[in-house]
Amino acid sequence: MEKNKKEEQSVLVEALKKNCKEKGYKVNEKGYFDSYTKNIFKKKMPKKYQEMFDEASGGELHSKAEAVHSSSMLSYNFFHWIDDAHPFNWDDVNYTQVLFEVQMKTIKGSNAPANMDVVLIDKEKNNLLFIESKFTEYIKSEKFKLSDSYHNEYKWINKDVEWSNIVKYEPGGKSEYKGGIKQLITHLFGIHSQFVEPCDKFKKIGIDFNSVNLKFITLIFEPQKDYKEEHEAYEHYHSLVNDFSGKIEKVKGLKVVPEWKSYSDLWNVMKDQMPKDLNDYIGNRYMQFANI
């Protein structure tokens, strides 16, 4: 999440800042705490999750994660409680394990892996849910710019997919956040590369990609309609993602197509399953600003 001028002027971000300040937290003008720990439930992250973030992008916890509008900390706060003793049931699947910031190769020779915000896994390791989290990113302008390397079939790791029918997509519409579509494409490359070269995390867990059921959702925070510009940007991006998913859903070899879900959708399912004190925290910290 970039610290750009338009995002800093967002009424939603200003409301998030005000809410945190009223609770006694110090937040600077750009909407950043002095530590990511002020941005998470109970102000302490278990070591295993710290290592996941540190292994992925190094400075994430000491830069972007300090923002009141951090999408990675939004997803962390929502999902970190899931384990064998506290499963999360969604769409008839009981998830018992959560991974954060999973890095997956996209194309041969690239040093820029796809970083998946969250991956949920069931106890039997039969179901994987890939989740890309967005909080306020869709408010900003970002052009669609896919590297030429993705058009080179010799760089494709999984050649069972007709990538040529995906990389040729050019987003139109009103949304300014066209970079989100570029990211969905690179994430699709990352997911499908796991059938050929699974990352170390999945190898260690013992995921069999030849038999596992996969889903991929882009999980977006929907602001209240009172935040007019932000909600319009949300709707524009929603239309853009729907158009993209509709255009690629019949591409040969594609195992998953991005599905749109809002944090409000998730909240309606999760709120009665998570611990009560976490429920209160999520409600006060985020969902009072969401369209429910």
# chains A, B, ... in the order shown; residues from 1 in each chain; ligands from 1
$ residues_around --residues "A:Val257" --least-positions-apart "4" --cutoff "12 Å" --atoms "only C-alpha atoms" --output "JSON, numbers by chain"
{"A": [129, 130, 166, 184, 185, 187, 188, 189, 191, 192, 214, 215, 216, 217, 218, 241, 242, 243, 244, 245, 246, 247, 248, 249, 250, 251, 252, 253]}
$ residues_around --residues "stretch 203-212 of chain A" --least-positions-apart "4" --cutoff "8 Å" --atoms "only C-alpha atoms" --output "JSON, numbers by chain"
{"A": [125, 126, 127, 128, 194, 195, 198, 199]}
$ residues_around --residues "A:His231" --least-positions-apart "5" --cutoff "10 Å" --atoms "only C-alpha atoms" --output "PDB file with C-alpha atoms, in the first residue's frame"
ATOM      1  CA  LEU A  12     -12.416   7.103   5.126  1.00  0.00           C
ATOM      2  CA  TYR A 138      -8.879   0.833  -4.958  1.00  0.00           C
ATOM      3  CA  ILE A 139      -9.167   4.535  -4.057  1.00  0.00           C
ATOM      4  CA  PHE A 221     -13.339  -3.724   2.347  1.00  0.00           C
ATOM      5  CA  GLU A 222     -16.619  -2.063   1.344  1.00  0.00           C
ATOM      6  CA  PRO A 223     -16.966   1.361   3.012  1.00  0.00           C
ATOM      7  CA  GLN A 224     -20.278   2.799   4.104  1.00  0.00           C
ATOM      8  CA  LYS A 225     -22.123   4.629   1.348  1.00  0.00           C
ATOM      9  CA  ASP A 226     -21.733   7.851   3.359  1.00  0.00           C
ATOM     10  CA  HIS A 236     -15.975   0.789 -10.081  1.00  0.00           C
ATOM     11  CA  TYR A 237     -13.308  -1.697  -9.084  1.00  0.00           C
ATOM     12  CA  ALA A 290     -18.141  -0.832   6.586  1.00  0.00           C
ATOM     13  CA  ASN A 291     -21.306  -1.154   4.549  1.00  0.00           C
TER      14      ASN A 291
END
$ select_by_dssp --residues "stretch 14-210 of chain A" --states "strand (DSSP E or B)" --output "ChimeraX atom specification"
/A:32,67,83,86,88-90,93-104,107,114-122,127-134,142,156,177
$ select_by_dssp --residues "stretch 165-268 of chain A" --states "helix (DSSP H, G or I)" --output "MDAnalysis selection string"
chainID A and resid 165:167 179:193 200:205 228:248 263:268
$ residues_around --residues "stretch 100-105 of chain A" --least-positions-apart "5" --cutoff "10 Å" --atoms "only C-alpha atoms" --output "ChimeraX atom specification"
/A:48-57,60,72,75-76,79-80,110-120,130-132,157,186-187,189-194,197-202
$ residues_around --residues "A:Asn89" --least-positions-apart "4" --cutoff "12 Å" --atoms "only C-alpha atoms" --output "mmCIF file with C-alpha atoms, in the first residue's frame"
data_model
loop_
_atom_site.group_PDB
_atom_site.id
_atom_site.type_symbol
_atom_site.label_atom_id
_atom_site.label_comp_id
_atom_site.auth_asym_id
_atom_site.auth_seq_id
_atom_site.Cartn_x
_atom_site.Cartn_y
_atom_site.Cartn_z
ATOM 1 C CA PHE A 79 -7.800 -14.573 10.301
ATOM 2 C CA ILE A 82 -7.863 -19.890 13.171
ATOM 3 C CA ASP A 83 -6.275 -23.205 14.255
ATOM 4 C CA ASP A 84 -7.198 -26.817 15.065
ATOM 5 C CA VAL A 93 -15.302 -26.094 4.617
ATOM 6 C CA ASN A 94 -13.713 -26.173 8.088
ATOM 7 C CA TYR A 95 -10.415 -24.295 7.864
ATOM 8 C CA THR A 96 -7.933 -25.049 10.642
ATOM 9 C CA GLN A 97 -4.698 -23.450 9.438
ATOM 10 C CA LEU A 120 -6.557 -21.007 4.534
ATOM 11 C CA ILE A 121 -6.186 -24.787 4.710
ATOM 12 C CA ASP A 122 -8.512 -27.437 6.116
ATOM 13 C CA LYS A 123 -7.333 -30.179 8.477
ATOM 14 C CA ASN A 127 -9.069 -27.436 0.449
ATOM 15 C CA LEU A 129 -8.491 -20.833 -0.096
ATOM 16 C CA LEU A 266 -16.901 -12.397 5.578
ATOM 17 C CA VAL A 269 -20.178 -15.485 8.446
ATOM 18 C CA MET A 270 -17.249 -15.086 10.841
ATOM 19 C CA LYS A 271 -18.496 -12.825 13.635
ATOM 20 C CA ASP A 272 -20.240 -15.603 15.574
ATOM 21 C CA GLN A 273 -17.331 -18.030 15.145
ATOM 22 C CA MET A 274 -14.430 -15.886 16.349
#
$ decode --residues "stretch 215-248 of chain A" --atoms "N, CA and C atoms" --output "tab-separated table (two decimals), in the first residue's frame"
chain	number	residue	atom	x	y	z
A	215	LYS	N	-9.72	-22.41	-4.25
A	215	LYS	CA	-10.52	-21.21	-4.48
A	215	LYS	C	-9.61	-20.01	-4.35
A	216	PHE	N	-9.93	-18.96	-5.07
A	216	PHE	CA	-9.14	-17.74	-5.03
A	216	PHE	C	-10.11	-16.57	-4.95
A	217	ILE	N	-10.06	-15.81	-3.86
A	217	ILE	CA	-10.95	-14.66	-3.74
A	217	ILE	C	-10.14	-13.38	-3.55
A	218	THR	N	-10.68	-12.30	-4.06
A	218	THR	CA	-10.15	-10.99	-3.75
A	218	THR	C	-11.12	-10.40	-2.74
A	219	LEU	N	-10.61	-10.17	-1.54
A	219	LEU	CA	-11.43	-9.79	-0.39
A	219	LEU	C	-11.30	-8.29	-0.15
A	220	ILE	N	-12.38	-7.57	-0.37
A	220	ILE	CA	-12.33	-6.11	-0.42
A	220	ILE	C	-13.16	-5.48	0.69
A	221	PHE	N	-12.59	-4.46	1.33
A	221	PHE	CA	-13.34	-3.72	2.35
A	221	PHE	C	-14.30	-2.76	1.65
A	222	GLU	N	-15.60	-2.95	1.92
A	222	GLU	CA	-16.62	-2.06	1.34
A	222	GLU	C	-17.00	-0.98	2.35
A	223	PRO	N	-16.65	0.28	2.07
A	223	PRO	CA	-16.97	1.36	3.01
A	223	PRO	C	-18.45	1.70	3.00
A	224	GLN	N	-18.90	2.31	4.07
A	224	GLN	CA	-20.28	2.80	4.10
A	224	GLN	C	-20.54	3.74	2.93
A	225	LYS	N	-21.77	3.79	2.49
A	225	LYS	CA	-22.12	4.63	1.35
A	225	LYS	C	-22.01	6.12	1.67
A	226	ASP	N	-21.95	6.45	2.97
A	226	ASP	CA	-21.73	7.85	3.36
A	226	ASP	C	-20.37	8.35	2.88
A	227	TYR	N	-19.42	7.44	2.74
A	227	TYR	CA	-18.12	7.78	2.16
A	227	TYR	C	-18.27	7.67	0.64
A	228	LYS	N	-18.88	8.70	0.06
A	228	LYS	CA	-19.36	8.64	-1.32
A	228	LYS	C	-18.27	8.31	-2.33
A	229	GLU	N	-17.17	9.06	-2.32
A	229	GLU	CA	-16.12	8.83	-3.31
A	229	GLU	C	-15.48	7.45	-3.14
A	230	GLU	N	-15.26	7.06	-1.90
A	230	GLU	CA	-14.65	5.77	-1.64
A	230	GLU	C	-15.57	4.63	-2.08
A	231	HIS	N	-16.88	4.79	-1.81
A	231	HIS	CA	-17.80	3.73	-2.20
A	231	HIS	C	-17.96	3.65	-3.71
A	232	GLU	N	-17.92	4.77	-4.38
A	232	GLU	CA	-17.97	4.77	-5.85
A	232	GLU	C	-16.74	4.08	-6.42
A	233	ALA	N	-15.57	4.35	-5.83
A	233	ALA	CA	-14.34	3.70	-6.27
A	233	ALA	C	-14.43	2.19	-6.06
A	234	TYR	N	-15.03	1.79	-4.93
A	234	TYR	CA	-15.25	0.37	-4.64
A	234	TYR	C	-16.12	-0.26	-5.73
A	235	GLU	N	-17.21	0.40	-6.08
A	235	GLU	CA	-18.12	-0.14	-7.09
A	235	GLU	C	-17.46	-0.21	-8.46
A	236	HIS	N	-16.67	0.80	-8.80
A	236	HIS	CA	-15.97	0.79	-10.08
A	236	HIS	C	-15.00	-0.38	-10.17
A	237	TYR	N	-14.26	-0.60	-9.08
A	237	TYR	CA	-13.31	-1.70	-9.08
A	237	TYR	C	-14.03	-3.04	-9.12
A	238	HIS	N	-15.16	-3.11	-8.44
A	238	HIS	CA	-15.99	-4.33	-8.47
A	238	HIS	C	-16.37	-4.66	-9.90
A	239	SER	N	-16.81	-3.67	-10.65
A	239	SER	CA	-17.19	-3.89	-12.05
A	239	SER	C	-16.00	-4.36	-12.89
A	240	LEU	N	-14.85	-3.78	-12.62
A	240	LEU	CA	-13.65	-4.14	-13.36
A	240	LEU	C	-13.25	-5.59	-13.10
A	241	VAL	N	-13.28	-6.01	-11.83
A	241	VAL	CA	-12.93	-7.40	-11.49
A	241	VAL	C	-13.95	-8.37	-12.08
A	242	ASN	N	-15.23	-8.03	-12.01
A	242	ASN	CA	-16.26	-8.89	-12.58
A	242	ASN	C	-16.06	-9.07	-14.08
A	243	ASP	N	-15.70	-7.98	-14.76
A	243	ASP	CA	-15.47	-8.05	-16.20
A	243	ASP	C	-14.29	-8.97	-16.50
A	244	PHE	N	-13.20	-8.80	-15.74
A	244	PHE	CA	-12.02	-9.63	-15.94
A	244	PHE	C	-12.33	-11.10	-15.70
A	245	SER	N	-12.98	-11.42	-14.58
A	245	SER	CA	-13.28	-12.81	-14.26
A	245	SER	C	-14.20	-13.44	-15.30
A	246	GLY	N	-15.16	-12.65	-15.79
A	246	GLY	CA	-16.06	-13.16	-16.81
A	246	GLY	C	-15.36	-13.45	-18.12
A	247	LYS	N	-14.36	-12.64	-18.45
A	247	LYS	CA	-13.64	-12.82	-19.72
A	247	LYS	C	-12.71	-14.03	-19.70
A	248	ILE	N	-12.25	-14.43	-18.51
A	248	ILE	CA	-11.24	-15.51	-18.45
A	248	ILE	C	-11.79	-16.83	-17.92
